[in-house]
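J.: Please read through the structure below; I'll follow up with questions.
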Amino acid sequence: MDRKQTRAFEGFVAESGDALLRMATLLTFDVNLAEDIYQETLHRLAARWSRVAHPMAFCRRVMHNIVIDQARARSRRPRQLGLAGTHDSCDPRAGDPVTAVELRPALLAALGTLTPQQRAIVVLRYFDDRSENEVADLLGVSAGTVKSTASRAVAQLRAQPGLIALFAALDGTSTTREVHHARY
Amino acid sequence: MPGTDEDILRELMGRATSDLHASPAITARVLTRQRRRRWRSRAVSVAVTSAAAGTVAGVVASGAAGAHSATASGGAPGGIKLTAAQHALYQLSSAAAAAPVPAGRYVQLTEEQSGDASRTSVIDSRTGDVWTYQQGPGIPGELPMARSDSPTQAQFARWPTNPAALRMMLLVQVKQQQIRLQKGFALKLSQQPATLRQRLSMVEAKMPPETSYDLVFEQATDTLWNPLVGPQLRAALYKVLAETPGVTVRTNTTDMRGRPATEISRVDNMAGEITSTFEDPATGAVLESLFVTPPDKVIGATGSTDYDLYLSITTSATLPANPYTK
C-alpha cells in the first residue's frame with residue numbers, strides 16, 4: 001500500500017470496522033477471540049488491498065475461513081472459551097450498554113450451540129443482511145441449503161432457555177427495559 | 001417492531017453487539033506491519049530486477065557526473081557550506097562506514113513495538129528468508145516464514161553507494177510498486193459504496209502529490225532499519241538523506257529508551273505523516289522508528305502514533321529458536 005491506499009484502507013476500516021468486529025463476535029461467540037480474528041482479517045486484507053475489489057466481501061470470507069479453521073483446531077484440542085466480553089463503560093460511543101452487555105451472554109451462549117456453518121448462515125443472513133444467494137455463494141453451498149439451515153438454526157435458537165423470554169418479550173410491544181426484565 | 005423470529009433475531013444480534021467498537025489501535029498495528037511489508041516488497045522487487053535498476057543507476061551516475069561530482073566522490077561536497085543538518089548526517093555517514101560488518105548467517109533483530117508487542121525477526125542473510133516471532137496482546141506468536149522476503153546481504157552489497165545513483169534507485173523502487181498498486185486502485189474505488197467512494201475522492205482531491213523527496217526519504221528510512229544493510233550502503237543512505245530537502249536533524253537527543261541518539265525526521269507532503277528515525281551517533285545503527293499520522297476527519301480516520309524500538313542485533317551460524325517459547 002502506498003500512502004493514498006493507506007488512507008483508503010483507513011477509510012474502509014473507519015466505515016466498516018465496527019460491523020466486522022460485531023460479526024466476528026457473533027461468529028466466534030467470544031469477544032476476545034473476535035478481536036484476534038478481526039485483527040487477522042485486517043492483516044490479510046491489508047496484504048492484498050490493491051487486489052481486492054470488494055473489501056467487505058473479502059473480509060466476510062476470511063472471517064468465515066478463520067472461524068472454520070479454529071473450530072477444526074478446537075475439535076482436535078478442546079479449549080474453554082469465555083462467553084462474556086468486557087465492556088468499556090468509558091467509551092463515549094457505547095450505544096445502549098445495559099441492553100448490549102446484558103443481552104450478549106445469553107445470545108452468544110445460544111449461538112455457541114449451533115454448528116459453525118449454522119452460525120455463519122444465521123449471522124450473514126440476519127446480522128449482515130445478506131441474501132440467500134449471497135450467503136450460498138460465500139459459503140459454497142446451495143441457496144436451498146442456506147434457507148433450510150437458517151430455518152432450523154432460528155428454531156433451535158428460539159428454543160434456547162436463555163432466549164425464550166427474549167423472543168417472547170420482543171414478539172409484542174416490548175421495550176428495551178422490558179427485554180431487560182424478561183432476561184432477569 | 002420485530003414480527004417474525006428472524007426479525008427478532010436480527011434485533012437481538014444488533015442490540016447485543018451495539019456497544020462493541022473496533023479499536024483504532026488494531027488498525028494502527030495492521031498498518032505498521034503493512035509498512036514493513038511494503039518496504040520489503042519494494043526492495044525485493046528491485047533486487048530481482050537488478051539489471052533494470054543497474055541501467056537506471058548507470059544513466060544517473062554518468063548524467064550526474066558533472067553536477068554531483070563533489071558528492072560522487074563519497075565525501076561532503078567540496079566548496080559547499082554544509083548546513084548543521086547535513087553536517088550531522090555526514091557525521092552519521094562516517095560512523096556507519098566505520099561500523100563492523102555483522103558475521104554469521106542468521107541475523108536476529110529484537111524489537112519492541114507499539115501496543116506492547118515484542119518482536120524478533122530472524123533474517124537469513126544468504127536467502128532473505130524471514131522468520132518472525134512475537135509476543136503481546138492480540139497478536140499471533142509466530143508468523144508464517146516469509147521466503148525471500150528481504151534482500152540478501154549480497155544483494156544489498158550490489159546496491160550503488162554513489163548517493164546520486166542510490167537516490168535514483170530508491171525512487172525506482174517506490175515508483176515500480178506504485179505503478180503496480182495504482183493499476184487496481186481506480187477500479188477498486190469505483191466499486192466502493194457510494195458514501196465511502198465520495199469521501200475517498202474528497203481525500204484524494206485535497207491531498208497534495210507525493211514529491212520525489214517524500215518518496216526517497218520514505219524508502220531510505222525504511223531501508224536503514226534492515227540489519228543486512230552493510231556499512232558502505234548505510235553510509236551512502238545518510239548522504240542521500242543529507243541531500244533531501246525538508247529533512248530536519250536533531251542531535252544530542254535520546255530515543256524512547258533514553259539511549260543517546262540523532263533524530264532525523266521529515267513531514268510527508270501528501271498525508272502530513274511525520275516519520276522520525278533515531279540513530280546511534282557512534283555506529284549509525286537505527287535505534288527507533290516513529291510514525292505520527294494526523295487524524296483525518298473526512299474519512300473518519302483517527303490519528304496514530306506507532307513506533308518500532310530496535311533493542312538488539314545478534315548473529316549466529318544456526319537458525320535461532322523462537323525466543324518467546326523458552
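In the C-alpha cells, each chain is lettered A, B, ... as it comes, each chain's residues begin at 1, and ligands are numbered from 1 in order of appearance.
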Give me the residues near A:Leu114 as an mmCIF file with C-alpha atoms, in the first residue's frame, where near means some atom within 12 Å (using only C-alpha atoms) and where sequence neighbours in that chain fewer than 2 positions away do not count.
T.:
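The file below, out.cif, is the result:
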data_model
loop_
_atom_site.group_PDB
_atom_site.id
_atom_site.type_symbol
_atom_site.label_atom_id
_atom_site.label_comp_id
_atom_site.auth_asym_id
_atom_site.auth_seq_id
_atom_site.Cartn_x
_atom_site.Cartn_y
_atom_site.Cartn_z
ATOM 1 C CA LEU A 26 -21.278 -13.388 16.729
ATOM 2 C CA LEU A 27 -19.346 -15.878 14.621
ATOM 3 C CA THR A 28 -16.989 -16.817 17.438
ATOM 4 C CA PHE A 29 -19.394 -16.211 20.374
ATOM 5 C CA ALA A 71 -13.360 -24.763 15.071
ATOM 6 C CA LEU A 107 -27.219 -14.598 22.817
ATOM 7 C CA LEU A 108 -23.600 -15.713 22.488
ATOM 8 C CA ALA A 109 -24.243 -18.800 24.578
ATOM 9 C CA ALA A 110 -27.170 -19.662 22.335
ATOM 10 C CA LEU A 111 -25.114 -19.074 19.181
ATOM 11 C CA GLY A 112 -22.480 -21.361 20.653
ATOM 12 C CA PRO A 116 -20.022 -23.169 12.676
ATOM 13 C CA GLN A 117 -21.925 -23.375 9.391
ATOM 14 C CA GLN A 118 -25.298 -22.749 11.024
ATOM 15 C CA ARG A 119 -23.815 -19.817 12.908
ATOM 16 C CA ALA A 120 -22.270 -18.362 9.777
ATOM 17 C CA ILE A 121 -25.561 -18.620 7.910
ATOM 18 C CA VAL A 122 -27.529 -17.017 10.742
ATOM 19 C CA VAL A 123 -25.038 -14.187 11.161
ATOM 20 C CA THR A 149 -30.232 -24.406 7.567
ATOM 21 C CA ALA A 150 -31.275 -20.894 8.548
ATOM 22 C CA ARG A 152 -33.562 -24.894 11.540
ATOM 23 C CA ALA A 153 -30.992 -22.680 13.251
ATOM 24 C CA VAL A 154 -33.550 -19.997 14.094
ATOM 25 C CA ALA A 155 -35.907 -22.619 15.528
ATOM 26 C CA GLN A 156 -33.027 -24.031 17.572
ATOM 27 C CA LEU A 157 -32.117 -20.592 18.894
ATOM 28 C CA ARG A 158 -35.714 -19.805 19.729
ATOM 29 C CA GLN A 160 -32.704 -21.991 23.880
#
J.: Residues within 6 Å of B:Ser276, please, as a short mmCIF file (atom, residue, chain, number, x, y, z; two decimals) with all heavy atoms, in the first residue's frame. Count only C-alpha atoms; anything in the same chain fewer than 3 positions from it doesn't count.
T.:
data_model
loop_
_atom_site.label_atom_id
_atom_site.label_comp_id
_atom_site.auth_asym_id
_atom_site.auth_seq_id
_atom_site.Cartn_x
_atom_site.Cartn_y
_atom_site.Cartn_z
N ILE B 264 16.37 12.03 12.95
CA ILE B 264 16.18 12.52 11.58
C ILE B 264 14.68 12.44 11.30
O ILE B 264 14.07 11.38 11.47
CB ILE B 264 16.91 11.62 10.56
CG1 ILE B 264 18.38 11.49 10.94
CG2 ILE B 264 16.76 12.15 9.15
CD1 ILE B 264 19.11 10.40 10.14
N SER B 265 14.07 13.54 10.89
CA SER B 265 12.63 13.48 10.65
C SER B 265 12.24 14.33 9.45
O SER B 265 12.99 15.19 8.98
CB SER B 265 11.86 13.93 11.90
OG SER B 265 12.26 15.21 12.28
N SER B 289 12.20 3.81 15.13
CA SER B 289 11.44 4.45 14.05
C SER B 289 10.12 4.91 14.65
O SER B 289 9.49 4.17 15.40
CB SER B 289 11.15 3.46 12.92
OG SER B 289 12.35 2.97 12.37
N LEU B 290 9.72 6.12 14.32
CA LEU B 290 8.49 6.69 14.89
C LEU B 290 7.64 7.25 13.75
O LEU B 290 8.15 7.98 12.90
CB LEU B 290 8.87 7.80 15.87
CG LEU B 290 7.75 8.52 16.60
CD1 LEU B 290 7.05 7.59 17.58
CD2 LEU B 290 8.31 9.73 17.36
#
